Structures are given as C-alpha cells and as structure tokens.
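Dumped final-v3.txt below, it's compact mmCIF, N, CA and C atoms:
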# COMPACT_ATOMS: atom_id res chain seq x y z
N MET C 807 -52.48 -33.21 47.55
CA MET C 807 -53.09 -34.22 48.40
C MET C 807 -54.23 -34.94 47.69
N ALA C 808 -54.77 -34.34 46.65
CA ALA C 808 -55.90 -34.95 45.97
C ALA C 808 -55.54 -36.29 45.33
N ASP C 809 -54.25 -36.51 45.05
CA ASP C 809 -53.83 -37.75 44.41
C ASP C 809 -53.58 -38.87 45.43
N LEU C 810 -53.67 -38.56 46.69
CA LEU C 810 -53.43 -39.58 47.73
C LEU C 810 -54.64 -40.47 47.92
N PRO C 811 -54.39 -41.74 48.27
CA PRO C 811 -55.52 -42.59 48.65
C PRO C 811 -56.18 -42.01 49.91
N PRO C 812 -57.47 -42.19 50.09
CA PRO C 812 -58.17 -41.61 51.25
C PRO C 812 -57.52 -41.90 52.60
N ALA C 813 -56.97 -43.10 52.79
CA ALA C 813 -56.37 -43.44 54.08
C ALA C 813 -55.09 -42.65 54.35
N ARG C 814 -54.54 -42.01 53.32
CA ARG C 814 -53.30 -41.26 53.51
C ARG C 814 -53.51 -39.74 53.49
N ILE C 815 -54.76 -39.31 53.48
CA ILE C 815 -55.06 -37.88 53.57
C ILE C 815 -55.20 -37.53 55.05
N PRO C 816 -54.30 -36.68 55.58
CA PRO C 816 -54.35 -36.33 57.01
C PRO C 816 -55.62 -35.56 57.36
N VAL C 817 -56.30 -36.00 58.41
CA VAL C 817 -57.52 -35.35 58.88
C VAL C 817 -57.48 -35.34 60.41
N ILE C 818 -57.81 -34.21 61.01
CA ILE C 818 -57.91 -34.16 62.47
C ILE C 818 -59.27 -34.72 62.85
N ILE C 819 -59.26 -35.77 63.66
CA ILE C 819 -60.52 -36.44 64.00
C ILE C 819 -60.90 -36.31 65.46
N GLY C 820 -60.01 -35.75 66.28
CA GLY C 820 -60.33 -35.58 67.69
C GLY C 820 -59.43 -34.54 68.31
N ALA C 821 -59.96 -33.81 69.27
CA ALA C 821 -59.19 -32.81 70.00
C ALA C 821 -59.58 -32.89 71.47
N GLY C 822 -58.61 -32.63 72.34
CA GLY C 822 -58.90 -32.65 73.77
C GLY C 822 -58.13 -31.57 74.48
N GLN C 823 -58.79 -30.86 75.36
CA GLN C 823 -58.15 -29.82 76.16
C GLN C 823 -58.58 -29.99 77.60
N ILE C 824 -57.62 -29.87 78.50
CA ILE C 824 -57.90 -30.00 79.93
C ILE C 824 -57.54 -28.68 80.62
N ASN C 825 -58.47 -28.15 81.39
CA ASN C 825 -58.22 -26.98 82.22
C ASN C 825 -58.25 -27.46 83.66
N ASP C 826 -57.09 -27.59 84.26
CA ASP C 826 -56.95 -28.15 85.59
C ASP C 826 -56.66 -27.02 86.58
N ARG C 827 -57.65 -26.70 87.41
CA ARG C 827 -57.49 -25.58 88.34
C ARG C 827 -58.00 -25.91 89.74
N PRO C 828 -57.46 -26.95 90.36
CA PRO C 828 -57.91 -27.27 91.72
C PRO C 828 -57.41 -26.24 92.73
N ALA C 829 -58.12 -26.09 93.82
CA ALA C 829 -57.72 -25.16 94.87
C ALA C 829 -56.43 -25.62 95.54
N ASP C 830 -56.26 -26.93 95.69
CA ASP C 830 -55.08 -27.49 96.33
C ASP C 830 -54.02 -27.77 95.25
N PRO C 831 -52.88 -27.08 95.31
CA PRO C 831 -51.86 -27.28 94.27
C PRO C 831 -51.33 -28.71 94.21
N ASP C 832 -51.38 -29.42 95.31
CA ASP C 832 -50.92 -30.81 95.29
C ASP C 832 -51.88 -31.72 94.53
N ALA C 833 -53.10 -31.27 94.33
CA ALA C 833 -54.08 -32.05 93.57
C ALA C 833 -54.01 -31.73 92.07
N GLY C 834 -53.23 -30.72 91.71
CA GLY C 834 -53.12 -30.33 90.31
C GLY C 834 -52.32 -31.34 89.50
N LEU C 835 -52.66 -31.46 88.24
CA LEU C 835 -51.95 -32.37 87.34
C LEU C 835 -50.63 -31.75 86.89
N ASP C 836 -49.59 -32.56 86.84
CA ASP C 836 -48.34 -32.11 86.24
C ASP C 836 -48.47 -32.28 84.72
N SER C 837 -47.40 -32.00 83.99
CA SER C 837 -47.47 -32.08 82.52
C SER C 837 -47.85 -33.47 82.03
N PHE C 838 -47.29 -34.51 82.64
CA PHE C 838 -47.63 -35.87 82.24
C PHE C 838 -49.12 -36.13 82.41
N GLY C 839 -49.66 -35.78 83.57
CA GLY C 839 -51.08 -35.97 83.83
C GLY C 839 -51.96 -35.20 82.88
N LEU C 840 -51.57 -33.95 82.58
CA LEU C 840 -52.34 -33.16 81.62
C LEU C 840 -52.32 -33.79 80.23
N MET C 841 -51.14 -34.28 79.83
CA MET C 841 -51.04 -34.88 78.49
C MET C 841 -51.86 -36.16 78.39
N MET C 842 -51.81 -37.00 79.39
CA MET C 842 -52.60 -38.24 79.34
C MET C 842 -54.10 -37.91 79.33
N ALA C 843 -54.52 -36.95 80.14
CA ALA C 843 -55.93 -36.57 80.17
C ALA C 843 -56.35 -35.97 78.82
N SER C 844 -55.47 -35.19 78.20
CA SER C 844 -55.77 -34.61 76.89
C SER C 844 -55.88 -35.67 75.81
N LEU C 845 -54.98 -36.65 75.84
CA LEU C 845 -55.05 -37.74 74.87
C LEU C 845 -56.36 -38.52 75.03
N ARG C 846 -56.76 -38.79 76.27
CA ARG C 846 -58.02 -39.49 76.50
C ARG C 846 -59.22 -38.66 76.00
N ALA C 847 -59.16 -37.35 76.26
CA ALA C 847 -60.25 -36.47 75.80
C ALA C 847 -60.32 -36.43 74.27
N ALA C 848 -59.17 -36.44 73.61
CA ALA C 848 -59.16 -36.45 72.14
C ALA C 848 -59.75 -37.75 71.61
N ALA C 849 -59.42 -38.86 72.26
CA ALA C 849 -59.98 -40.15 71.84
C ALA C 849 -61.49 -40.16 72.05
N ASP C 850 -61.95 -39.61 73.17
CA ASP C 850 -63.39 -39.51 73.42
C ASP C 850 -64.06 -38.63 72.36
N ASP C 851 -63.40 -37.51 72.02
CA ASP C 851 -63.95 -36.61 71.02
C ASP C 851 -64.07 -37.29 69.66
N ALA C 852 -63.09 -38.14 69.33
CA ALA C 852 -63.12 -38.87 68.06
C ALA C 852 -64.15 -39.99 68.07
N GLY C 853 -64.59 -40.38 69.27
CA GLY C 853 -65.56 -41.46 69.36
C GLY C 853 -64.96 -42.82 69.10
N HIS C 854 -63.67 -42.96 69.35
CA HIS C 854 -62.97 -44.20 69.06
C HIS C 854 -61.82 -44.36 70.06
N ALA C 855 -61.51 -45.58 70.38
CA ALA C 855 -60.40 -45.86 71.31
C ALA C 855 -59.06 -45.72 70.57
N LEU C 856 -58.73 -44.51 70.18
CA LEU C 856 -57.54 -44.25 69.36
C LEU C 856 -56.22 -44.54 70.05
N LEU C 857 -56.20 -44.48 71.35
CA LEU C 857 -54.92 -44.59 72.05
C LEU C 857 -54.24 -45.93 71.83
N GLY C 858 -54.99 -46.96 71.54
CA GLY C 858 -54.40 -48.25 71.23
C GLY C 858 -53.98 -48.37 69.77
N ASP C 859 -54.37 -47.39 68.95
CA ASP C 859 -54.06 -47.42 67.52
C ASP C 859 -52.95 -46.47 67.11
N LEU C 860 -52.45 -45.68 68.04
CA LEU C 860 -51.42 -44.69 67.68
C LEU C 860 -50.16 -45.37 67.18
N ASP C 861 -49.67 -44.90 66.05
CA ASP C 861 -48.37 -45.36 65.59
C ASP C 861 -47.39 -44.19 65.45
N TRP C 862 -47.83 -42.97 65.81
CA TRP C 862 -46.99 -41.77 65.75
C TRP C 862 -47.39 -40.88 66.91
N LEU C 863 -46.42 -40.44 67.71
CA LEU C 863 -46.69 -39.57 68.87
C LEU C 863 -45.68 -38.43 68.88
N GLY C 864 -46.20 -37.21 68.87
CA GLY C 864 -45.37 -36.02 68.98
C GLY C 864 -45.72 -35.27 70.26
N VAL C 865 -44.71 -34.89 71.02
CA VAL C 865 -44.89 -34.26 72.33
C VAL C 865 -44.14 -32.94 72.36
N THR C 866 -44.78 -31.90 72.88
CA THR C 866 -44.09 -30.62 73.05
C THR C 866 -43.35 -30.62 74.38
N ASP C 867 -42.12 -30.14 74.35
CA ASP C 867 -41.35 -30.01 75.59
C ASP C 867 -42.03 -28.97 76.47
N GLN C 868 -41.82 -29.06 77.77
CA GLN C 868 -42.51 -28.19 78.72
C GLN C 868 -41.53 -27.33 79.50
N ILE C 869 -41.99 -26.18 79.97
CA ILE C 869 -41.16 -25.27 80.75
C ILE C 869 -41.21 -25.63 82.23
N HIS C 870 -42.40 -25.88 82.76
CA HIS C 870 -42.56 -26.00 84.21
C HIS C 870 -42.37 -27.40 84.77
N PHE C 871 -42.57 -28.42 84.00
CA PHE C 871 -42.28 -29.79 84.41
C PHE C 871 -41.47 -30.43 83.28
N PRO C 872 -40.25 -29.90 83.03
CA PRO C 872 -39.48 -30.41 81.89
C PRO C 872 -39.07 -31.87 82.08
N ASP C 873 -39.15 -32.62 80.99
CA ASP C 873 -38.77 -34.03 81.02
C ASP C 873 -38.43 -34.42 79.58
N ARG C 874 -37.16 -34.52 79.27
CA ARG C 874 -36.74 -34.83 77.90
C ARG C 874 -37.14 -36.24 77.47
N ASP C 875 -37.61 -37.06 78.40
CA ASP C 875 -38.09 -38.40 78.07
C ASP C 875 -39.61 -38.50 78.13
N MET C 876 -40.30 -37.36 78.15
CA MET C 876 -41.76 -37.37 78.28
C MET C 876 -42.41 -38.19 77.17
N HIS C 877 -41.92 -38.10 75.96
CA HIS C 877 -42.52 -38.86 74.85
C HIS C 877 -42.40 -40.36 75.08
N GLU C 878 -41.31 -40.79 75.70
CA GLU C 878 -41.14 -42.22 76.01
C GLU C 878 -42.04 -42.63 77.18
N ARG C 879 -42.16 -41.78 78.19
CA ARG C 879 -43.04 -42.08 79.32
C ARG C 879 -44.50 -42.18 78.88
N LEU C 880 -44.92 -41.25 78.03
CA LEU C 880 -46.30 -41.29 77.52
C LEU C 880 -46.52 -42.54 76.68
N ALA C 881 -45.57 -42.84 75.81
CA ALA C 881 -45.70 -44.03 74.95
C ALA C 881 -45.85 -45.29 75.80
N ALA C 882 -45.08 -45.37 76.88
CA ALA C 882 -45.14 -46.55 77.76
C ALA C 882 -46.47 -46.64 78.50
N ALA C 883 -47.14 -45.51 78.71
CA ALA C 883 -48.41 -45.50 79.44
C ALA C 883 -49.61 -45.77 78.54
N LEU C 884 -49.40 -45.77 77.23
CA LEU C 884 -50.50 -46.02 76.30
C LEU C 884 -50.75 -47.51 76.15
N PRO C 885 -51.94 -47.88 75.70
CA PRO C 885 -52.24 -49.31 75.52
C PRO C 885 -51.28 -50.01 74.55
N HIS C 886 -50.78 -49.26 73.60
CA HIS C 886 -49.82 -49.78 72.61
C HIS C 886 -48.84 -48.65 72.32
N ALA C 887 -47.53 -48.88 72.52
CA ALA C 887 -46.54 -47.83 72.31
C ALA C 887 -46.41 -47.53 70.81
N PRO C 888 -46.58 -46.28 70.41
CA PRO C 888 -46.42 -45.92 68.99
C PRO C 888 -45.00 -46.22 68.50
N ARG C 889 -44.90 -46.62 67.24
CA ARG C 889 -43.58 -46.89 66.64
C ARG C 889 -42.72 -45.62 66.64
N HIS C 890 -43.31 -44.52 66.24
CA HIS C 890 -42.58 -43.26 66.16
C HIS C 890 -42.95 -42.39 67.36
N ARG C 891 -41.92 -41.89 68.02
CA ARG C 891 -42.12 -41.01 69.18
C ARG C 891 -41.08 -39.89 69.09
N GLU C 892 -41.53 -38.65 69.28
CA GLU C 892 -40.58 -37.54 69.27
C GLU C 892 -41.04 -36.45 70.23
N ILE C 893 -40.07 -35.63 70.63
CA ILE C 893 -40.34 -34.48 71.48
C ILE C 893 -39.67 -33.28 70.85
N THR C 894 -40.30 -32.11 70.97
CA THR C 894 -39.72 -30.91 70.37
C THR C 894 -38.41 -30.56 71.08
N VAL C 895 -37.57 -29.85 70.36
CA VAL C 895 -36.27 -29.45 70.89
C VAL C 895 -36.44 -28.40 71.99
N LEU C 896 -37.38 -27.49 71.78
CA LEU C 896 -37.60 -26.39 72.73
C LEU C 896 -39.07 -26.32 73.14
N PRO C 897 -39.34 -25.78 74.32
CA PRO C 897 -40.73 -25.55 74.72
C PRO C 897 -41.20 -24.19 74.20
N ASP C 898 -41.49 -24.11 72.92
CA ASP C 898 -41.88 -22.83 72.34
C ASP C 898 -43.18 -22.96 71.56
N GLY C 899 -43.67 -21.86 71.04
CA GLY C 899 -44.94 -21.86 70.33
C GLY C 899 -44.90 -22.49 68.96
N GLU C 900 -43.73 -22.67 68.40
CA GLU C 900 -43.62 -23.27 67.08
C GLU C 900 -43.70 -24.80 67.12
N GLY C 901 -43.34 -25.39 68.24
CA GLY C 901 -43.29 -26.85 68.36
C GLY C 901 -44.58 -27.57 68.02
N PRO C 902 -45.72 -27.14 68.57
CA PRO C 902 -46.96 -27.85 68.25
C PRO C 902 -47.30 -27.83 66.77
N ILE C 903 -47.10 -26.70 66.12
CA ILE C 903 -47.39 -26.60 64.69
C ILE C 903 -46.44 -27.48 63.89
N GLN C 904 -45.16 -27.49 64.28
CA GLN C 904 -44.20 -28.35 63.58
C GLN C 904 -44.58 -29.82 63.74
N LEU C 905 -45.02 -30.21 64.95
CA LEU C 905 -45.43 -31.60 65.16
C LEU C 905 -46.66 -31.97 64.33
N ILE C 906 -47.62 -31.06 64.24
CA ILE C 906 -48.80 -31.33 63.41
C ILE C 906 -48.37 -31.51 61.96
N ASN C 907 -47.47 -30.67 61.49
CA ASN C 907 -46.95 -30.79 60.14
C ASN C 907 -46.23 -32.13 59.95
N ASP C 908 -45.37 -32.49 60.90
CA ASP C 908 -44.63 -33.75 60.81
C ASP C 908 -45.58 -34.96 60.79
N ALA C 909 -46.63 -34.89 61.62
CA ALA C 909 -47.61 -35.98 61.66
C ALA C 909 -48.34 -36.09 60.33
N ALA C 910 -48.75 -34.96 59.76
CA ALA C 910 -49.46 -34.97 58.48
C ALA C 910 -48.57 -35.54 57.38
N ILE C 911 -47.30 -35.18 57.39
CA ILE C 911 -46.37 -35.71 56.38
C ILE C 911 -46.22 -37.23 56.55
N ALA C 912 -46.09 -37.69 57.80
CA ALA C 912 -45.95 -39.13 58.04
C ALA C 912 -47.18 -39.89 57.55
N ILE C 913 -48.36 -39.33 57.76
CA ILE C 913 -49.59 -39.97 57.29
C ILE C 913 -49.63 -39.97 55.75
N ALA C 914 -49.32 -38.83 55.14
CA ALA C 914 -49.34 -38.74 53.68
C ALA C 914 -48.35 -39.70 53.03
N ARG C 915 -47.22 -39.93 53.67
CA ARG C 915 -46.21 -40.85 53.14
C ARG C 915 -46.54 -42.31 53.41
N GLY C 916 -47.55 -42.55 54.22
CA GLY C 916 -47.90 -43.93 54.57
C GLY C 916 -47.06 -44.48 55.70
N GLU C 917 -46.34 -43.61 56.41
CA GLU C 917 -45.50 -44.03 57.54
C GLU C 917 -46.29 -44.13 58.83
N ALA C 918 -47.49 -43.55 58.86
CA ALA C 918 -48.36 -43.59 60.04
C ALA C 918 -49.80 -43.57 59.56
N LEU C 919 -50.66 -44.17 60.35
CA LEU C 919 -52.09 -44.14 60.06
C LEU C 919 -52.81 -43.26 61.09
N VAL C 920 -52.45 -43.42 62.38
CA VAL C 920 -53.05 -42.64 63.45
C VAL C 920 -51.94 -41.96 64.23
N ALA C 921 -52.01 -40.63 64.31
CA ALA C 921 -50.98 -39.84 64.98
C ALA C 921 -51.63 -38.96 66.05
N ALA C 922 -50.84 -38.61 67.05
CA ALA C 922 -51.30 -37.68 68.09
C ALA C 922 -50.20 -36.69 68.38
N VAL C 923 -50.61 -35.44 68.58
CA VAL C 923 -49.71 -34.38 69.01
C VAL C 923 -50.26 -33.89 70.34
N VAL C 924 -49.39 -33.78 71.34
CA VAL C 924 -49.88 -33.43 72.67
C VAL C 924 -48.87 -32.54 73.40
N GLY C 925 -49.42 -31.68 74.23
CA GLY C 925 -48.64 -30.84 75.13
C GLY C 925 -49.42 -30.66 76.41
N GLY C 926 -48.78 -30.17 77.42
CA GLY C 926 -49.47 -29.99 78.69
C GLY C 926 -48.67 -29.13 79.65
N GLU C 927 -48.65 -27.83 79.39
CA GLU C 927 -47.90 -26.92 80.25
C GLU C 927 -48.69 -26.68 81.53
N ALA C 928 -48.15 -27.10 82.65
CA ALA C 928 -48.82 -27.00 83.94
C ALA C 928 -48.30 -25.79 84.72
N MET C 929 -48.35 -24.64 84.10
CA MET C 929 -47.80 -23.42 84.68
C MET C 929 -48.47 -23.04 86.00
N ARG C 930 -49.77 -23.11 86.05
CA ARG C 930 -50.50 -22.73 87.26
C ARG C 930 -50.16 -23.67 88.41
N THR C 931 -50.18 -24.96 88.16
CA THR C 931 -49.85 -25.93 89.21
C THR C 931 -48.42 -25.74 89.70
N ALA C 932 -47.48 -25.57 88.79
CA ALA C 932 -46.08 -25.38 89.19
C ALA C 932 -45.92 -24.12 90.03
N GLY C 933 -46.58 -23.03 89.62
CA GLY C 933 -46.50 -21.78 90.37
C GLY C 933 -47.10 -21.90 91.76
N GLN C 934 -48.25 -22.55 91.85
CA GLN C 934 -48.89 -22.73 93.16
C GLN C 934 -48.06 -23.62 94.06
N ARG C 935 -47.46 -24.66 93.52
CA ARG C 935 -46.62 -25.54 94.32
C ARG C 935 -45.38 -24.82 94.81
N ALA C 936 -44.78 -23.99 93.96
CA ALA C 936 -43.61 -23.22 94.37
C ALA C 936 -43.97 -22.21 95.46
N LYS C 937 -45.12 -21.56 95.32
CA LYS C 937 -45.58 -20.60 96.32
C LYS C 937 -45.84 -21.30 97.66
N ALA C 938 -46.48 -22.47 97.62
CA ALA C 938 -46.75 -23.22 98.86
C ALA C 938 -45.44 -23.68 99.52
N ALA C 939 -44.48 -24.11 98.72
CA ALA C 939 -43.19 -24.56 99.26
C ALA C 939 -42.45 -23.38 99.90
N ALA C 940 -42.51 -22.21 99.29
CA ALA C 940 -41.85 -21.03 99.84
C ALA C 940 -42.50 -20.61 101.17
N ALA C 941 -43.82 -20.74 101.25
CA ALA C 941 -44.53 -20.39 102.47
C ALA C 941 -44.18 -21.33 103.63
N ARG C 942 -43.88 -22.60 103.28
CA ARG C 942 -43.50 -23.57 104.32
C ARG C 942 -42.07 -23.34 104.79
N GLY C 943 -41.33 -22.60 103.99
CA GLY C 943 -39.95 -22.26 104.38
C GLY C 943 -38.99 -23.22 103.94
Please express what this file holds, its structure, as structure tokens.
Amino acid sequence: MADLPPARIPVIIGAGQINDRPADPDAGLDSFGLMMASLRAAADDAGHALLGDLDWLGVTDQIHFPDRDMHERLAAALPHAPRHREITVLPDGEGPIQLINDAAIAIARGEALVAAVVGGEAMRTAGQRAKAAAARG
C-alpha cells in the first residue's frame, strides 16, 4: 500500500452504531431504518456529509427483516446513489469483514473514493413485534 497515491490508501474515517430499544415494538426501527441511521451517524462521526459522496455501498443481508434488494433501497434513499452497490449472499458474521475488504480493494484500485459498509440486524424489534402479534392472537 505504500506505493499507492494517498487518495487510494483505504482509511476508515467514520463509524456509526445505533442501539434502538424503545418500549413500544412498533416504534422500533427495522433493518432499513437502522442502516440509514447508522450511515448518518458515520457521516456525523467523519465530520463530513459523506452520504452524497458515496460511490461504493456494501450491505449485509439480515435475518429478521430480510430484503435481497436492501442495497438498492438504501442507494435510492441516499442523496446520490453509489455507482457500486452489493449485498452479502448470507446474513453471517463473515459478510461485514468481506465487504470491508472489498471496499478497501475498490479504493486501492481507484474504482471508488468513498465507500460505506452497513448492516442493521433488528433482532430485538422483530422479536418484540412477533411476541405482540402472538398476544393479539
């Protein structure tokens, strides 16, 4: 990496994590809501409006609110849709690391300048909603 121009050396410049635990399960964020909130938090952490500059977006598939088009829905909700969008094949622990690796490679190759990797497993919200639905009969 030392031979790369500075703009092509991958660096993590922002991170965002959302802990969503409302008492009312209907007020809880689903995976899409968690991911958008996390992306905004990462942009705030970076101190820059990065969401309009993304040209690479990697999304982890989810167990509790699965949506194989989540990467496309997120891209459409951003100020500027990234050129590259992908979602992991499985909702597993390896996906986020693979996406970070893929993003770093894209930056090093000059295929991307600003990349984001995001996930948002809404396990607690999904469980509470299922419990409330079962109680209603």
All strand (DSSP E) residues (DSSP, backbone) inside stretch 845-919 of chain C, as a list of chain:residue names: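 Written out, the strand (DSSP E) residues of stretch 845-919 of chain C are C:Trp862, C:Leu863, C:Gly864, C:Val865, C:His890, C:Arg891, C:Glu892, C:Ile893.
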d(atom C of C:Thr894, atom N of C:Asp859) in Å: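 Interatomic distance, atom C of C:Thr894 to atom N of C:Asp859: 23.3 Å.
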Selection as a PyMOL selection string: residues within 10 Å of (-47.8, -23.6, 88.3), counting only C-alpha atoms: chain C and resi 827+831+834-836+870-871+927-937
Close residues, C:Glu892 itself excluded, 5 Å, all atoms listed in the file, min 3 positions apart in chain, as a ChimeraX atom specification: /C:863-865
Option closest in space to C:Glu917, from C:Leu884, C:Arg814, C:Asp873, C:Ala855 [counting all atoms listed in the file]: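 Among the listed residues, C:Arg814 lies closest to C:Glu917.
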Two-atom distance - atom N of C:Val924, atom CA of C:Asp898 (Å):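 Value for the atom N of C:Val924-atom CA of C:Asp898 distance: 13.3 Å.
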Produce stretch 852-862 of chain C of the given structure as output with all heavy atoms, as a PDB file, in the first residue's frame.
ATOM      1  N   ALA C 852     -17.535  11.304  10.878  1.00  0.00           N
ATOM      2  CA  ALA C 852     -16.476  11.744   9.967  1.00  0.00           C
ATOM      3  C   ALA C 852     -16.404  13.260   9.877  1.00  0.00           C
ATOM      4  O   ALA C 852     -15.397  13.805   9.415  1.00  0.00           O
ATOM      5  CB  ALA C 852     -16.707  11.152   8.576  1.00  0.00           C
ATOM      6  N   GLY C 853     -17.471  13.935  10.299  1.00  0.00           N
ATOM      7  CA  GLY C 853     -17.489  15.391  10.221  1.00  0.00           C
ATOM      8  C   GLY C 853     -17.679  15.906   8.812  1.00  0.00           C
ATOM      9  O   GLY C 853     -17.249  17.005   8.481  1.00  0.00           O
ATOM     10  N   HIS C 854     -18.315  15.111   7.974  1.00  0.00           N
ATOM     11  CA  HIS C 854     -18.486  15.472   6.567  1.00  0.00           C
ATOM     12  C   HIS C 854     -19.780  14.847   6.054  1.00  0.00           C
ATOM     13  O   HIS C 854     -20.158  13.761   6.471  1.00  0.00           O
ATOM     14  CB  HIS C 854     -17.291  14.952   5.769  1.00  0.00           C
ATOM     15  CG  HIS C 854     -17.339  15.259   4.311  1.00  0.00           C
ATOM     16  ND1 HIS C 854     -17.208  16.536   3.816  1.00  0.00           N
ATOM     17  CD2 HIS C 854     -17.515  14.462   3.241  1.00  0.00           C
ATOM     18  CE1 HIS C 854     -17.300  16.500   2.494  1.00  0.00           C
ATOM     19  NE2 HIS C 854     -17.479  15.244   2.130  1.00  0.00           N
ATOM     20  N   ALA C 855     -20.409  15.504   5.127  1.00  0.00           N
ATOM     21  CA  ALA C 855     -21.646  14.982   4.528  1.00  0.00           C
ATOM     22  C   ALA C 855     -21.314  13.888   3.506  1.00  0.00           C
ATOM     23  O   ALA C 855     -21.482  14.057   2.310  1.00  0.00           O
ATOM     24  CB  ALA C 855     -22.432  16.113   3.874  1.00  0.00           C
ATOM     25  N   LEU C 856     -20.807  12.777   3.985  1.00  0.00           N
ATOM     26  CA  LEU C 856     -20.325  11.694   3.124  1.00  0.00           C
ATOM     27  C   LEU C 856     -21.405  11.012   2.298  1.00  0.00           C
ATOM     28  O   LEU C 856     -21.103  10.431   1.261  1.00  0.00           O
ATOM     29  CB  LEU C 856     -19.643  10.618   3.973  1.00  0.00           C
ATOM     30  CG  LEU C 856     -18.390  11.018   4.701  1.00  0.00           C
ATOM     31  CD1 LEU C 856     -17.910   9.871   5.572  1.00  0.00           C
ATOM     32  CD2 LEU C 856     -17.318  11.402   3.706  1.00  0.00           C
ATOM     33  N   LEU C 857     -22.627  11.055   2.767  1.00  0.00           N
ATOM     34  CA  LEU C 857     -23.670  10.280   2.100  1.00  0.00           C
ATOM     35  C   LEU C 857     -23.910  10.728   0.669  1.00  0.00           C
ATOM     36  O   LEU C 857     -24.329   9.925  -0.162  1.00  0.00           O
ATOM     37  CB  LEU C 857     -24.962  10.320   2.917  1.00  0.00           C
ATOM     38  CG  LEU C 857     -24.833   9.757   4.340  1.00  0.00           C
ATOM     39  CD1 LEU C 857     -26.192   9.748   5.023  1.00  0.00           C
ATOM     40  CD2 LEU C 857     -24.203   8.389   4.355  1.00  0.00           C
ATOM     41  N   GLY C 858     -23.624  11.959   0.358  1.00  0.00           N
ATOM     42  CA  GLY C 858     -23.750  12.428  -1.015  1.00  0.00           C
ATOM     43  C   GLY C 858     -22.531  12.113  -1.862  1.00  0.00           C
ATOM     44  O   GLY C 858     -22.572  12.266  -3.075  1.00  0.00           O
ATOM     45  N   ASP C 859     -21.457  11.640  -1.217  1.00  0.00           N
ATOM     46  CA  ASP C 859     -20.207  11.345  -1.922  1.00  0.00           C
ATOM     47  C   ASP C 859     -19.955   9.859  -2.131  1.00  0.00           C
ATOM     48  O   ASP C 859     -18.967   9.486  -2.760  1.00  0.00           O
ATOM     49  CB  ASP C 859     -19.007  11.913  -1.139  1.00  0.00           C
ATOM     50  CG  ASP C 859     -19.045  13.429  -1.059  1.00  0.00           C
ATOM     51  OD1 ASP C 859     -19.637  14.062  -1.945  1.00  0.00           O
ATOM     52  OD2 ASP C 859     -18.480  13.973  -0.091  1.00  0.00           O
ATOM     53  N   LEU C 860     -20.820   9.015  -1.601  1.00  0.00           N
ATOM     54  CA  LEU C 860     -20.592   7.571  -1.716  1.00  0.00           C
ATOM     55  C   LEU C 860     -20.613   7.125  -3.166  1.00  0.00           C
ATOM     56  O   LEU C 860     -21.518   7.468  -3.919  1.00  0.00           O
ATOM     57  CB  LEU C 860     -21.667   6.781  -0.964  1.00  0.00           C
ATOM     58  CG  LEU C 860     -21.671   6.857   0.553  1.00  0.00           C
ATOM     59  CD1 LEU C 860     -22.811   6.021   1.104  1.00  0.00           C
ATOM     60  CD2 LEU C 860     -20.349   6.396   1.117  1.00  0.00           C
ATOM     61  N   ASP C 861     -19.600   6.364  -3.538  1.00  0.00           N
ATOM     62  CA  ASP C 861     -19.633   5.738  -4.856  1.00  0.00           C
ATOM     63  C   ASP C 861     -19.555   4.218  -4.738  1.00  0.00           C
ATOM     64  O   ASP C 861     -19.554   3.516  -5.733  1.00  0.00           O
ATOM     65  CB  ASP C 861     -18.550   6.285  -5.800  1.00  0.00           C
ATOM     66  CG  ASP C 861     -17.186   6.398  -5.173  1.00  0.00           C
ATOM     67  OD1 ASP C 861     -16.933   5.785  -4.120  1.00  0.00           O
ATOM     68  OD2 ASP C 861     -16.348   7.100  -5.750  1.00  0.00           O
ATOM     69  N   TRP C 862     -19.534   3.691  -3.497  1.00  0.00           N
ATOM     70  CA  TRP C 862     -19.483   2.248  -3.247  1.00  0.00           C
ATOM     71  C   TRP C 862     -20.282   1.982  -1.981  1.00  0.00           C
ATOM     72  O   TRP C 862     -20.054   2.620  -0.952  1.00  0.00           O
ATOM     73  CB  TRP C 862     -18.027   1.822  -3.067  1.00  0.00           C
ATOM     74  CG  TRP C 862     -17.768   0.359  -3.147  1.00  0.00           C
ATOM     75  CD1 TRP C 862     -17.283  -0.315  -4.221  1.00  0.00           C
ATOM     76  CD2 TRP C 862     -17.949  -0.618  -2.111  1.00  0.00           C
ATOM     77  NE1 TRP C 862     -17.162  -1.653  -3.915  1.00  0.00           N
ATOM     78  CE2 TRP C 862     -17.566  -1.859  -2.626  1.00  0.00           C
ATOM     79  CE3 TRP C 862     -18.414  -0.560  -0.806  1.00  0.00           C
ATOM     80  CZ2 TRP C 862     -17.619  -3.034  -1.886  1.00  0.00           C
ATOM     81  CZ3 TRP C 862     -18.472  -1.736  -0.059  1.00  0.00           C
ATOM     82  CH2 TRP C 862     -18.074  -2.944  -0.606  1.00  0.00           C
TER      83      TRP C 862
END
